[in-house]
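Asks: Below is the file input04.cif, which contains mmCIF, C-alpha atoms.
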```
data_target
#
loop_
_atom_site.label_atom_id
_atom_site.label_comp_id
_atom_site.auth_asym_id
_atom_site.auth_seq_id
_atom_site.Cartn_x
_atom_site.Cartn_y
_atom_site.Cartn_z
CA MET A 980 123.46 149.35 38.67
CA GLN A 981 120.28 147.41 37.84
CA GLU A 982 120.71 145.28 40.97
CA PHE A 983 120.81 148.47 43.02
CA ILE A 984 117.64 149.72 41.29
CA ASN A 985 115.89 146.39 41.91
CA ARG A 986 116.83 146.33 45.58
CA GLN A 987 115.81 149.94 46.22
CA PHE A 988 112.58 149.53 44.28
CA PHE A 989 111.65 146.58 46.48
CA ASN A 990 112.37 148.68 49.59
CA LEU A 991 110.32 151.56 48.18
CA THR A 992 107.42 149.22 47.33
CA VAL A 993 107.32 147.85 50.88
CA PHE A 994 107.68 151.34 52.36
CA THR A 995 104.88 152.74 50.17
CA LEU A 996 102.59 149.78 50.89
CA ILE A 997 102.99 150.13 54.66
CA PHE A 998 103.11 153.90 55.10
CA GLY A 999 101.53 155.12 51.87
CA VAL A 1000 98.58 152.72 51.85
CA MET A 1001 97.93 150.79 55.06
CA PHE A 1002 98.76 153.39 57.72
CA TYR A 1003 98.55 156.53 55.61
CA ASP A 1004 95.36 157.80 57.25
CA ILE A 1005 96.66 157.19 60.78
CA ILE A 1006 99.82 159.17 59.98
CA ASN A 1007 97.71 161.84 58.29
CA SER A 1008 95.50 162.15 61.38
CA LEU A 1009 98.62 162.88 63.42
CA GLY A 1010 99.24 165.96 61.30
CA PHE A 1011 101.71 164.61 58.73
CA SER A 1012 100.10 164.48 55.29
CA TYR A 1013 103.12 164.20 53.03
CA VAL A 1014 103.80 160.46 53.00
CA ASP A 1015 102.66 160.00 49.38
CA GLU A 1016 104.72 163.04 48.33
CA ILE A 1017 107.78 161.50 50.01
CA CYS A 1018 107.15 158.22 48.19
CA ALA A 1019 106.74 160.09 44.90
CA VAL A 1020 109.98 162.03 45.43
CA LEU A 1021 111.90 158.84 46.32
CA LEU A 1022 110.54 157.19 43.18
CA LEU A 1023 111.53 160.19 41.07
CA VAL A 1024 115.04 160.23 42.59
CA LEU A 1025 115.45 156.54 41.77
CA PHE A 1026 114.25 157.21 38.22
CA VAL A 1027 116.70 160.12 37.76
CA TYR A 1028 119.51 157.94 39.13
CA LYS A 1029 118.64 155.30 36.54
CA VAL A 1030 118.56 157.83 33.69
CA ILE A 1031 121.85 159.58 34.46
CA HIS A 1032 123.65 156.24 34.80
CA THR A 1033 122.62 155.02 31.37
CA LYS A 1034 124.80 155.67 28.35
CA THR A 1035 121.94 157.31 26.51
CA TRP A 1036 119.45 159.50 28.32
CA ALA A 1037 116.54 157.61 26.88
CA PHE A 1038 112.95 158.61 27.56
CA ASN A 1039 109.76 156.98 26.44
CA LYS A 1040 108.07 159.08 23.78
CA MET A 1041 104.66 158.52 25.31
CA PHE A 1042 106.07 159.82 28.61
CA LEU A 1043 107.42 162.91 26.87
CA PHE A 1044 104.06 163.48 25.19
CA VAL A 1045 102.14 163.19 28.48
CA LEU A 1046 104.65 165.51 30.17
CA SER A 1047 104.29 168.01 27.32
CA VAL A 1048 100.50 167.95 27.65
CA PHE A 1049 100.68 168.71 31.37
CA ILE A 1050 103.20 171.50 30.85
CA PHE A 1051 100.97 172.99 28.13
CA TYR A 1052 97.99 173.02 30.50
CA LEU A 1053 100.18 174.50 33.23
CA VAL A 1054 101.21 177.40 30.99
CA TYR A 1055 97.65 177.73 29.66
CA SER A 1056 96.23 177.92 33.19
CA ILE A 1057 98.71 180.59 34.22
CA VAL A 1058 98.11 182.65 31.07
CA ILE A 1059 94.30 182.70 31.46
CA HIS A 1060 94.61 183.27 35.25
CA ALA A 1061 92.55 180.16 36.00
CA ASN A 1062 93.28 180.54 39.72
CA SER A 1063 96.16 181.72 41.87
CA THR A 1064 99.63 180.53 40.87
CA ASN A 1065 99.92 178.48 44.08
CA ALA A 1066 96.61 176.78 43.32
CA ILE A 1067 97.63 176.00 39.74
CA LEU A 1068 101.01 174.58 40.78
CA THR A 1069 99.40 172.50 43.55
CA ASP A 1070 96.89 170.98 41.17
CA PHE A 1071 99.56 170.43 38.53
CA VAL A 1072 101.62 168.33 40.96
CA ILE A 1073 98.58 166.37 42.17
CA GLN A 1074 97.32 165.61 38.66
CA ILE A 1075 100.66 164.59 37.15
CA LYS A 1076 101.76 162.42 40.10
CA PRO A 1077 100.04 159.17 39.05
CA TYR A 1078 101.44 159.39 35.52
CA LEU A 1079 104.94 160.03 36.82
CA ALA A 1080 104.58 156.96 39.04
CA PHE A 1081 103.60 154.82 36.05
CA PHE A 1082 106.33 155.99 33.68
CA CYS A 1083 109.10 156.16 36.31
CA VAL A 1084 108.54 152.55 37.33
CA TYR A 1085 108.33 151.46 33.71
CA ALA A 1086 111.57 153.22 32.84
CA MET A 1087 113.55 151.76 35.75
CA HIS A 1088 113.11 148.15 34.54
CA PRO A 1089 112.63 146.83 38.09
CA LYS A 1090 112.62 143.10 38.78
CA LEU A 1091 111.49 141.44 41.97
CA THR A 1092 113.26 138.24 42.99
CA ASP A 1093 111.36 135.14 44.09
CA ASN A 1094 112.38 135.80 47.69
CA GLN A 1095 111.22 139.42 47.50
CA ARG A 1096 107.87 138.31 46.07
CA LYS A 1097 107.53 135.81 48.92
CA ILE A 1098 108.22 138.55 51.49
CA ILE A 1099 105.61 140.80 49.86
CA ARG A 1100 103.04 137.98 49.89
CA GLN A 1101 103.66 137.40 53.59
CA LEU A 1102 103.35 141.12 54.26
CA ILE A 1103 100.09 141.20 52.29
CA VAL A 1104 98.62 138.41 54.41
CA LEU A 1105 99.46 140.33 57.61
CA CYS A 1106 98.01 143.54 56.20
CA SER A 1107 94.87 141.73 55.05
CA ILE A 1108 94.31 140.34 58.54
CA TYR A 1109 94.52 143.90 59.83
CA VAL A 1110 92.04 145.18 57.22
CA LEU A 1111 89.70 142.25 57.94
CA PHE A 1112 89.81 143.01 61.67
CA VAL A 1113 89.01 146.69 61.13
CA GLY A 1114 86.23 145.83 58.68
CA LEU A 1115 84.56 143.37 61.05
CA VAL A 1116 84.86 145.57 64.15
CA SER A 1117 83.53 148.60 62.25
CA HIS A 1118 80.11 146.96 62.02
CA VAL A 1119 79.98 146.98 65.82
CA TYR A 1120 82.10 150.04 66.61
CA TYR A 1121 82.23 152.45 63.65
CA GLU A 1122 84.76 154.79 65.29
CA ILE A 1123 87.53 152.30 64.47
CA ILE A 1124 87.15 153.33 60.83
CA LYS A 1125 87.82 156.97 61.66
CA ALA A 1126 90.84 155.99 63.72
CA THR A 1127 92.42 153.73 61.11
CA PHE A 1128 91.22 154.37 57.55
CA ALA A 1129 89.30 157.67 57.97
CA HIS A 1130 86.51 156.38 55.71
CA GLU A 1131 85.04 152.97 54.87
CA SER A 1132 85.89 153.40 51.19
CA ARG A 1133 89.58 153.14 52.10
CA ILE A 1134 88.99 149.56 53.26
CA ALA A 1135 87.77 148.75 49.77
CA THR A 1136 90.73 150.34 47.98
CA ALA A 1137 93.21 148.84 50.44
CA SER A 1138 91.84 145.33 49.89
CA SER A 1139 91.95 145.88 46.11
CA ILE A 1140 95.61 146.86 46.26
CA LEU A 1141 96.53 143.94 48.52
CA ALA A 1142 94.67 141.43 46.34
CA LEU A 1143 96.11 142.66 43.02
CA LEU A 1144 99.64 142.90 44.41
CA TYR A 1145 99.35 139.38 45.84
CA LEU A 1146 98.22 138.06 42.47
CA TYR A 1147 101.16 139.78 40.79
CA CYS A 1148 103.66 138.27 43.25
CA SER A 1149 102.12 134.79 42.97
CA ASP A 1150 102.54 131.90 40.54
CA TYR A 1151 99.05 132.61 39.21
CA ASN A 1152 97.76 129.08 39.77
CA LYS A 1153 94.27 128.06 40.96
CA THR A 1154 95.20 128.39 44.62
CA ASP A 1155 96.63 131.86 44.07
CA LYS A 1156 93.46 132.93 42.24
CA MET A 1157 91.32 131.70 45.13
CA ILE A 1158 93.46 133.61 47.62
CA PHE A 1159 93.16 136.68 45.38
CA MET A 1160 89.36 136.49 45.49
CA LEU A 1161 89.38 135.98 49.27
CA LEU A 1162 91.61 139.00 49.78
CA LEU A 1163 89.48 141.09 47.44
CA SER A 1164 86.30 140.00 49.22
CA ILE A 1165 87.48 141.70 52.42
CA GLY A 1166 86.61 144.99 50.76
CA ILE A 1167 82.94 143.97 50.75
CA LEU A 1168 82.94 144.84 54.46
CA SER A 1169 83.21 148.48 53.41
CA GLY A 1170 79.68 148.35 52.05
CA ARG A 1171 80.74 150.35 48.98
CA SER A 1172 78.83 149.49 45.82
CA LYS A 1173 81.85 150.36 43.71
CA HIS A 1174 83.75 147.54 45.34
CA PHE A 1175 80.82 145.16 44.93
CA GLY A 1176 80.96 145.84 41.21
CA PHE A 1177 84.76 145.57 41.05
CA PHE A 1178 84.75 142.33 43.02
CA ALA A 1179 82.07 140.88 40.76
CA ILE A 1180 83.84 141.69 37.51
CA CYS A 1181 87.28 140.60 38.81
CA THR A 1182 85.84 137.28 39.97
CA LEU A 1183 84.30 136.69 36.56
CA ILE A 1184 87.54 137.66 34.80
CA VAL A 1185 89.75 135.39 36.93
CA LEU A 1186 87.39 132.45 36.47
CA TYR A 1187 86.74 133.05 32.78
CA PHE A 1188 90.24 133.97 31.58
CA ASN A 1189 91.71 130.47 31.55
CA ARG A 1190 94.15 128.78 29.19
CA SER A 1191 91.42 127.88 26.73
CA PHE A 1192 90.18 131.47 26.59
CA LYS A 1193 91.06 133.50 23.51
CA MET A 1194 91.08 137.29 23.64
CA GLN A 1195 88.90 138.00 20.63
CA LEU A 1196 85.46 139.38 19.92
CA ASN A 1197 83.18 136.43 19.27
CA PHE A 1198 79.75 135.31 20.41
CA LYS A 1199 80.98 133.53 23.54
CA ASN A 1200 83.08 136.47 24.71
CA SER A 1201 80.34 138.96 23.85
CA VAL A 1202 77.94 137.05 26.07
CA PHE A 1203 80.54 137.09 28.86
CA ILE A 1204 80.97 140.87 28.55
CA ILE A 1205 77.21 141.40 28.69
CA ILE A 1206 76.86 139.12 31.73
CA ALA A 1207 79.83 140.78 33.47
CA LEU A 1208 78.46 144.28 32.91
CA ALA A 1209 74.94 143.25 33.92
CA PHE A 1210 76.21 141.55 37.08
CA THR A 1211 78.36 144.57 37.96
CA LEU A 1212 75.48 146.99 37.47
CA PHE A 1213 73.15 144.73 39.48
CA VAL A 1214 75.36 144.57 42.58
CA ALA A 1215 75.96 148.34 42.43
CA ARG A 1216 72.40 149.27 41.45
CA GLU A 1217 71.39 150.98 44.72
CA LYS A 1218 74.24 153.48 44.75
CA ILE A 1219 73.96 154.11 41.01
CA TYR A 1220 70.27 154.85 41.44
CA TYR A 1221 70.92 157.12 44.42
CA TYR A 1222 73.88 159.08 43.07
CA PHE A 1223 72.84 159.48 39.46
CA ILE A 1224 69.03 159.35 39.51
CA THR A 1225 67.14 160.12 42.74
CA GLY A 1226 70.25 161.45 44.47
CA GLY A 1227 71.10 163.66 41.57
CA PHE A 1228 68.02 165.85 41.62
CA GLY A 1229 65.66 167.04 44.26
CA SER A 1230 61.93 166.88 43.83
CA GLY A 1231 61.93 170.04 41.75
CA ARG A 1232 64.65 168.83 39.38
CA THR A 1233 66.25 172.29 39.21
CA ALA A 1234 69.94 173.18 39.28
CA SER A 1235 69.65 174.57 42.81
CA ASP A 1236 68.41 171.20 44.06
CA LEU A 1237 71.35 169.22 42.77
CA TYR A 1238 73.38 167.24 45.26
CA ALA A 1239 77.13 167.79 45.24
CA ARG A 1240 78.28 164.81 43.17
CA MET A 1241 75.59 165.11 40.55
CA ALA A 1242 76.12 168.86 40.49
CA LEU A 1243 79.75 168.29 39.55
CA TYR A 1244 78.71 166.03 36.68
CA TYR A 1245 75.95 168.40 35.57
CA PHE A 1246 78.14 171.50 35.47
CA SER A 1247 81.14 169.67 34.03
CA VAL A 1248 79.16 169.22 30.82
CA ARG A 1249 78.33 172.92 30.74
CA ILE A 1250 81.98 173.82 31.32
CA LEU A 1251 83.08 171.53 28.49
CA ILE A 1252 80.68 173.34 26.17
CA ASP A 1253 81.45 176.86 27.41
CA TYR A 1254 85.24 176.47 27.49
CA LEU A 1255 86.10 174.81 24.19
CA PRO A 1256 88.54 173.24 23.58
CA PHE A 1257 90.96 173.40 26.56
CA GLY A 1258 88.67 173.90 29.54
CA THR A 1259 89.02 176.18 32.54
CA GLY A 1260 92.55 175.13 33.49
CA PHE A 1261 94.20 173.69 36.59
CA ALA A 1262 92.64 174.23 40.04
CA THR A 1263 89.26 175.36 38.74
CA PHE A 1264 86.81 172.47 39.07
CA ALA A 1265 86.21 169.27 41.07
CA THR A 1266 89.77 169.02 42.43
CA PHE A 1267 91.31 169.49 45.87
CA ALA A 1268 93.14 172.65 44.81
CA SER A 1269 89.97 174.18 43.38
CA GLY A 1270 88.41 173.89 46.84
CA ALA A 1271 91.44 174.82 48.94
CA TYR A 1272 92.00 177.89 46.75
CA TYR A 1273 88.31 178.41 46.04
CA SER A 1274 87.83 178.62 42.28
CA PRO A 1275 85.77 181.46 40.77
CA VAL A 1276 84.15 178.88 38.48
CA TYR A 1277 81.87 177.71 41.30
CA THR A 1278 80.53 181.23 41.78
CA LYS A 1279 80.15 181.76 38.04
CA TYR A 1280 77.89 178.71 37.74
CA GLY A 1281 75.98 179.37 40.96
CA MET A 1282 77.44 176.44 42.90
CA GLN A 1283 78.83 178.46 45.81
CA ASN A 1284 75.87 177.77 48.09
CA MET A 1285 75.50 174.03 47.43
CA HIS A 1286 76.15 171.73 50.37
CA GLY A 1287 79.75 170.50 50.30
CA LEU A 1288 80.74 172.89 47.51
CA THR A 1289 80.88 176.14 49.47
CA LYS A 1290 84.02 178.14 50.16
CA GLU A 1291 83.66 177.55 53.90
CA SER A 1292 82.96 173.81 53.51
CA PRO A 1293 84.31 172.38 50.22
CA ALA A 1294 84.24 168.81 51.55
CA PHE A 1295 82.68 167.22 48.45
CA ILE A 1296 84.47 169.23 45.75
CA ALA A 1297 87.07 166.49 45.13
CA ASP A 1298 84.61 163.66 45.78
CA THR A 1299 84.81 162.34 42.22
CA TYR A 1300 87.23 162.42 39.29
CA PHE A 1301 85.56 162.31 35.88
CA PRO A 1302 84.00 165.79 36.31
CA ALA A 1303 87.50 167.18 36.99
CA LEU A 1304 88.37 166.45 33.35
CA ALA A 1305 86.27 169.53 32.50
CA GLN A 1306 89.32 171.51 33.61
CA PHE A 1307 91.10 170.27 30.50
CA GLY A 1308 88.26 170.68 28.05
CA ILE A 1309 87.16 168.27 25.36
CA ILE A 1310 90.80 167.87 24.26
CA GLY A 1311 91.76 166.76 27.75
CA VAL A 1312 88.87 164.30 27.92
CA ILE A 1313 89.93 162.76 24.61
CA LEU A 1314 93.59 162.52 25.71
CA PHE A 1315 92.64 160.98 29.06
CA PHE A 1316 90.60 158.17 27.56
CA ALA A 1317 93.10 157.71 24.71
CA PHE A 1318 95.79 157.00 27.33
CA TRP A 1319 93.72 154.30 29.05
CA ILE A 1320 92.44 152.79 25.82
CA ASN A 1321 96.04 152.60 24.60
CA LEU A 1322 97.05 150.64 27.70
CA ALA A 1323 93.99 148.39 27.45
CA VAL A 1324 94.74 147.59 23.80
CA LYS A 1325 98.36 146.79 24.67
CA ALA A 1326 97.20 144.52 27.49
CA VAL A 1327 94.83 142.66 25.15
CA LYS A 1328 97.64 142.19 22.61
CA ALA A 1329 99.93 140.97 25.37
CA TYR A 1330 97.32 138.45 26.52
CA LYS A 1331 97.18 137.04 23.00
CA ARG A 1332 100.97 136.61 23.12
CA ASP A 1333 100.83 134.51 26.29
CA CYS A 1334 101.36 137.26 28.89
CA ARG A 1335 98.17 136.10 30.57
CA LYS A 1336 98.95 136.96 34.16
CA GLU A 1337 100.36 140.44 33.51
CA ALA A 1338 97.69 141.38 30.97
CA THR A 1339 94.82 140.19 33.16
CA ILE A 1340 96.01 142.12 36.21
CA ALA A 1341 96.66 145.22 34.06
CA LEU A 1342 93.11 145.07 32.69
CA MET A 1343 91.71 144.74 36.21
CA ILE A 1344 93.66 147.80 37.34
CA ILE A 1345 92.33 149.80 34.37
CA ILE A 1346 88.79 148.69 35.29
CA PHE A 1347 89.52 149.65 38.91
CA PHE A 1348 90.38 153.22 37.91
CA MET A 1349 87.39 153.54 35.60
CA ILE A 1350 85.02 152.44 38.38
CA GLU A 1351 86.71 154.52 41.08
CA SER A 1352 86.76 157.66 38.94
CA THR A 1353 82.96 157.73 38.79
CA SER A 1354 82.72 158.73 42.44
CA ASP A 1355 86.20 159.19 43.90
CA ALA A 1356 89.49 160.86 43.02
CA THR A 1357 91.48 157.74 43.96
CA ILE A 1358 93.75 158.10 40.92
CA THR A 1359 95.29 161.28 42.36
CA HIS A 1360 95.54 159.98 45.92
CA ASN A 1361 98.14 157.84 47.68
CA ARG A 1362 96.45 154.55 46.81
CA GLY A 1363 96.08 155.60 43.19
CA MET A 1364 99.79 156.28 43.00
CA PHE A 1365 100.56 152.79 44.31
CA MET A 1366 98.22 151.25 41.75
CA MET A 1367 99.99 153.21 39.00
CA MET A 1368 103.35 151.93 40.24
CA LEU A 1369 102.03 148.37 40.00
CA LEU A 1370 100.67 149.10 36.52
CA GLY A 1371 104.07 150.38 35.39
CA LEU A 1372 105.67 147.22 36.77
CA LEU A 1373 103.19 145.06 34.85
CA PHE A 1374 103.76 146.81 31.53
CA TYR A 1375 107.52 146.55 31.86
CA ASP A 1376 107.14 142.82 32.53
CA ILE A 1377 105.04 142.60 29.37
CA HIS A 1378 107.68 144.51 27.42
CA ASP A 1379 110.44 142.32 28.86
CA LYS A 1380 108.64 139.08 27.97
CA LEU A 1381 107.82 140.17 24.43
CA THR A 1382 111.15 141.81 23.58
CA PRO A 1383 112.65 138.71 21.87
CA VAL A 1384 109.55 138.38 19.67
CA LYS A 1385 109.65 140.12 16.31
CA ASP A 1386 107.19 142.88 15.50
CA THR A 1387 106.31 143.42 19.14
CA GLU A 1388 104.69 146.74 19.97
CA GLU A 1389 106.45 147.36 23.27
CA ILE A 1390 106.90 150.77 24.84
CA THR A 1391 110.60 151.18 24.12
CA ILE A 1392 112.75 152.86 26.74
CA GLU A 1393 116.29 151.86 25.96
CA LYS A 1394 116.63 153.50 22.53
CA PRO A 1395 118.08 157.00 22.31
CA LEU A 1396 115.51 159.77 22.06
CA ALA A 1397 116.59 160.65 18.54
CA GLN A 1398 115.59 157.20 17.31
CA HIS A 1399 112.13 157.59 18.87
CA ILE A 1400 111.37 160.50 16.57
CA ASP A 1401 111.17 158.19 13.59
CA GLU A 1402 109.91 155.10 15.37
CA ASP A 1403 107.29 155.12 18.09
CA PRO A 1404 105.89 151.69 18.92
CA VAL A 1405 103.25 153.17 21.21
CA SER A 1406 101.51 155.05 18.45
CA LYS A 1407 101.46 152.18 15.96
#
```
So that I can check it, write out the structure of this file as structure tokens.

Replies:
Amino acid sequence: MQEFINRQFFNLTVFTLIFGVMFYDIINSLGFSYVDEICAVLLLVLFVYKVIHTKTWAFNKMFLFVLSVFIFYLVYSIVIHANSTNAILTDFVIQIKPYLAFFCVYAMHPKLTDNQRKIIRQLIVLCSIYVLFVGLVSHVYYEIIKATFAHESRIATASSILALLYLYCSDYNKTDKMIFMLLLSIGILSGRSKHFGFFAICTLIVLYFNRSFKMQLNFKNSVFIIIALAFTLFVAREKIYYYFITGGFGSGRTASDLYARMALYYFSVRILIDYLPFGTGFATFATFASGAYYSPVYTKYGMQNMHGLTKESPAFIADTYFPALAQFGIIGVILFFAFWINLAVKAVKAYKRDCRKEATIALMIIIFFMIESTSDATITHNRGMFMMMLLGLLFYDIHDKLTPVKDTEEITIEKPLAQHIDEDPVSK
């Protein structure tokens, strides 16, 4: 059975990379916008097949907890009439999709063969040539962006995915690291400051995290962290200044003068305070569903006339992600960051136990989402789902490598659910 899972997972990975990442926007422009949903359904079907063919229907306790949290917010949103039922269900599916991708991949125990990794690397090179071509031509003929990636930011996220996936499928030697940085540098053609920052910090990590490096808080590493953060902020300084300082307020510095993105941040804080502790519920703020099924929250806070946030033109409503956490209140904010901190801590522990490649890539993906979430909802989009699939693959590899070692803190999948009640490695 596991060989079947491995083979189908490889096919699904290639399919998702081609149609769910590289050519997603072209397909979407032709009127078909369900490619990522198809990929998610196929992944879920493969996961269910794996579960029902195991002797014990084992589920990860962390997965069950995350699922329970989403179901709670679903019921909560319906009870308080946060928005229409269709809006709530739409947002529920969109928000839970990346987490399902992560846990489904982790639970399937997929393994890529050396030949499959080689095929993926070759495919990545071809895709990178395509992205490079579009990026170069776009500086002469911008319309090529609209025809291929819809927006220049997609070039940045596509190059990030290709680079990180290549590094995962490589032997992680010096040559592979150089190729990784070259592939990642293609995203610079997008002109997005987020990618400048991500490229800077990934370059520093790849160069600094060598065999002599020890993952511990000491003077040398503290200096590295300070330099990395300073370098990242420096290369992204113009957009940070525009979006969060001069771009945030007009000359009068009043709420009515706020630009869309800063308005979302500004009012998210007010919502967190006004709707303690569980927020306004699904489909109410800074999400696609809250714009498609226009949320009454925007009218309540006087945002209905702001450019890009109106009912007639909600183009910028889902233009960022962190403000959307206001939907879930202070409890949701805490749970969101607890999830990512948990993964980061596990990656650090794995690095110390000689899972250098997997831990390093996992940390870079976590950094990717933290940077992207400041000004894009990538985590809930097609490319975010692919990144979460890769993250699930990385954490299973970590678990698999550390399983023979005593006292490991792996996320256990294979034990029956009843045993998880008394023993939960994730929460240790």

Asks: Evaluate the PyMOL selection byres ((chain A and resi 1148-1150) around 9) here and jot the selected residues down as a list of chain:residue names.

Replies: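 Expected selection for the PyMOL selection byres ((chain A and resi 1148-1150) around 9) here is A:Leu1091, A:Asp1093, A:Gln1095, A:Arg1096, A:Lys1097, A:Ile1099, A:Arg1100, A:Leu1143, A:Leu1144, A:Tyr1145, A:Leu1146, A:Tyr1147, A:Tyr1151, A:Asn1152, A:Asp1155, A:Lys1156, A:Lys1336.
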
Asks: Applying 6 Å and all atoms listed in the file, which residues near segment 1249-1262 of chain A remain after dropping the ones on its own chain fewer than 4 positions away? List them as a PyMOL selection string.

Replies: chain A and resi 1056+1061+1066-1067+1070+1268-1269+1305-1310

Asks: Find the residues near Cys1018 of chain A: any atom within 9 Å, counting only C-alpha atoms, skip ones fewer than 3 places away on the same chain, and give them as a VMD selection string.

Replies: chain A and resid 991 994 to 995 999 1013 to 1015 1021 to 1023

Asks: Report, in Å with one decimal, the straight-line distance from atom CA of Ile1059 of chain A to atom CA of Ala1019 of chain A.

Replies: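 Separation of atom CA of Ile1059 of chain A and atom CA of Ala1019 of chain A: 29.1 Å.
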
Asks: Using all atoms listed in the file, which residues sit within 7 Å of Val1276 of chain A once same-chain residues fewer than 3 positions away are excluded, as a list in words?

Replies: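 Selected residues are Thr1263, Phe1264, Lys1279 and Tyr1280 of chain A.
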
Asks: Could you tell me which of A:Ile1350, A:Ala1294, A:Ala1179, A:Ile1313 comes closest to Ile1206 of chain A if we count all atoms listed in the file?

Replies: A:Ala1179

Asks: When you count all atoms listed in the file, which of these residues is closest to Ser1138 of chain A: A:Leu1043, A:Met1001, A:Met1157, A:Ala1265?

Replies: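 Using all atoms listed in the file, the shortest distance to Ser1138 of chain A belongs to A:Met1001.
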
Asks: Quick one: pull the distance between atom CA of Ala1137 of chain A and atom CA of Pro1077 of chain A, Å, one decimal.

Replies: 16.8 Å

Asks: Tell me, in Å to one decimal, how far atom CA of Val1030 of chain A is from atom CA of Val1084 of chain A.

Replies: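 That distance, rounded to one decimal, is 11.9 Å.
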
Asks: Around (119.5, 157.6, 36.9) in the file's frame, which residues reach within 12 Å when counting all atoms listed in the file? Return as a list in words?

Replies: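 Residues with an atom at most 12 Å from (119.5, 157.6, 36.9): Met980, Gln981, Phe983, Ile984, Leu1022, Leu1023, Val1024, Leu1025, Phe1026, Val1027, Tyr1028, Lys1029, Val1030, Ile1031, His1032, Thr1033, Lys1034, Thr1035, Trp1036, Ala1037, Phe1038, Cys1083, Ala1086, Met1087 and His1088 of chain A.
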
Asks: May I ask which of the residues A:Glu1122, A:Lys1380, A:Phe989, A:Phe1178 is the closest one to Thr1092 of chain A, counting all atoms listed in the file?

Replies: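 Among the listed residues, A:Phe989 lies closest to Thr1092 of chain A.
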
Asks: Selected by the PyMOL selection byres ((chain A and resi 1373) around 9) in the shown coordinates: which residues, as an mmCIF file with C-alpha atoms, in the coordinates of the input?

Replies:
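Below is the file out.cif, written as the result:
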```
data_model
loop_
_atom_site.group_PDB
_atom_site.id
_atom_site.type_symbol
_atom_site.label_atom_id
_atom_site.label_comp_id
_atom_site.auth_asym_id
_atom_site.auth_seq_id
_atom_site.Cartn_x
_atom_site.Cartn_y
_atom_site.Cartn_z
ATOM 1 C CA TYR A 1085 108.330 151.460 33.710
ATOM 2 C CA TYR A 1147 101.160 139.780 40.790
ATOM 3 C CA GLU A 1337 100.360 140.440 33.510
ATOM 4 C CA ALA A 1338 97.690 141.380 30.970
ATOM 5 C CA ILE A 1340 96.010 142.120 36.210
ATOM 6 C CA ALA A 1341 96.660 145.220 34.060
ATOM 7 C CA MET A 1368 103.350 151.930 40.240
ATOM 8 C CA LEU A 1369 102.030 148.370 40.000
ATOM 9 C CA LEU A 1370 100.670 149.100 36.520
ATOM 10 C CA GLY A 1371 104.070 150.380 35.390
ATOM 11 C CA LEU A 1372 105.670 147.220 36.770
ATOM 12 C CA PHE A 1374 103.760 146.810 31.530
ATOM 13 C CA TYR A 1375 107.520 146.550 31.860
ATOM 14 C CA ASP A 1376 107.140 142.820 32.530
ATOM 15 C CA ILE A 1377 105.040 142.600 29.370
ATOM 16 C CA HIS A 1378 107.680 144.510 27.420
#
```

Asks: Using the chain letters and numbering of this document, enumerate as a tab-separated table (two decimals) with C-alpha atoms, in the frame of the given file the residues selected by the PyMOL selection byres ((chain A and resi 1128) around 12).

Replies:
```tsv
chain	number	residue	atom	x	y	z
A	999	GLY	CA	101.53	155.12	51.87
A	1000	VAL	CA	98.58	152.72	51.85
A	1001	MET	CA	97.93	150.79	55.06
A	1002	PHE	CA	98.76	153.39	57.72
A	1003	TYR	CA	98.55	156.53	55.61
A	1004	ASP	CA	95.36	157.80	57.25
A	1005	ILE	CA	96.66	157.19	60.78
A	1006	ILE	CA	99.82	159.17	59.98
A	1007	ASN	CA	97.71	161.84	58.29
A	1008	SER	CA	95.50	162.15	61.38
A	1109	TYR	CA	94.52	143.90	59.83
A	1110	VAL	CA	92.04	145.18	57.22
A	1113	VAL	CA	89.01	146.69	61.13
A	1114	GLY	CA	86.23	145.83	58.68
A	1117	SER	CA	83.53	148.60	62.25
A	1121	TYR	CA	82.23	152.45	63.65
A	1122	GLU	CA	84.76	154.79	65.29
A	1123	ILE	CA	87.53	152.30	64.47
A	1124	ILE	CA	87.15	153.33	60.83
A	1125	LYS	CA	87.82	156.97	61.66
A	1126	ALA	CA	90.84	155.99	63.72
A	1127	THR	CA	92.42	153.73	61.11
A	1129	ALA	CA	89.30	157.67	57.97
A	1130	HIS	CA	86.51	156.38	55.71
A	1131	GLU	CA	85.04	152.97	54.87
A	1132	SER	CA	85.89	153.40	51.19
A	1133	ARG	CA	89.58	153.14	52.10
A	1134	ILE	CA	88.99	149.56	53.26
A	1135	ALA	CA	87.77	148.75	49.77
A	1136	THR	CA	90.73	150.34	47.98
A	1137	ALA	CA	93.21	148.84	50.44
A	1138	SER	CA	91.84	145.33	49.89
A	1169	SER	CA	83.21	148.48	53.41
A	1362	ARG	CA	96.45	154.55	46.81
```

Asks: Name the closest residue to Phe1315 of chain A among the candidates A:Thr1266, A:Gln1074, A:Gln1283, A:Ser1139; distances are taken between atoms, counting all atoms listed in the file.

Replies: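 Closest to Phe1315 of chain A of all the choices is A:Gln1074.
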
Asks: Using only C-alpha atoms, which of the listed residues (A:Ser1274, A:Ile1184, A:Val1048, A:Ser1107) sits closest to His1060 of chain A?

Replies: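 Of the candidates, the smallest distance to His1060 of chain A is held by A:Ser1274.
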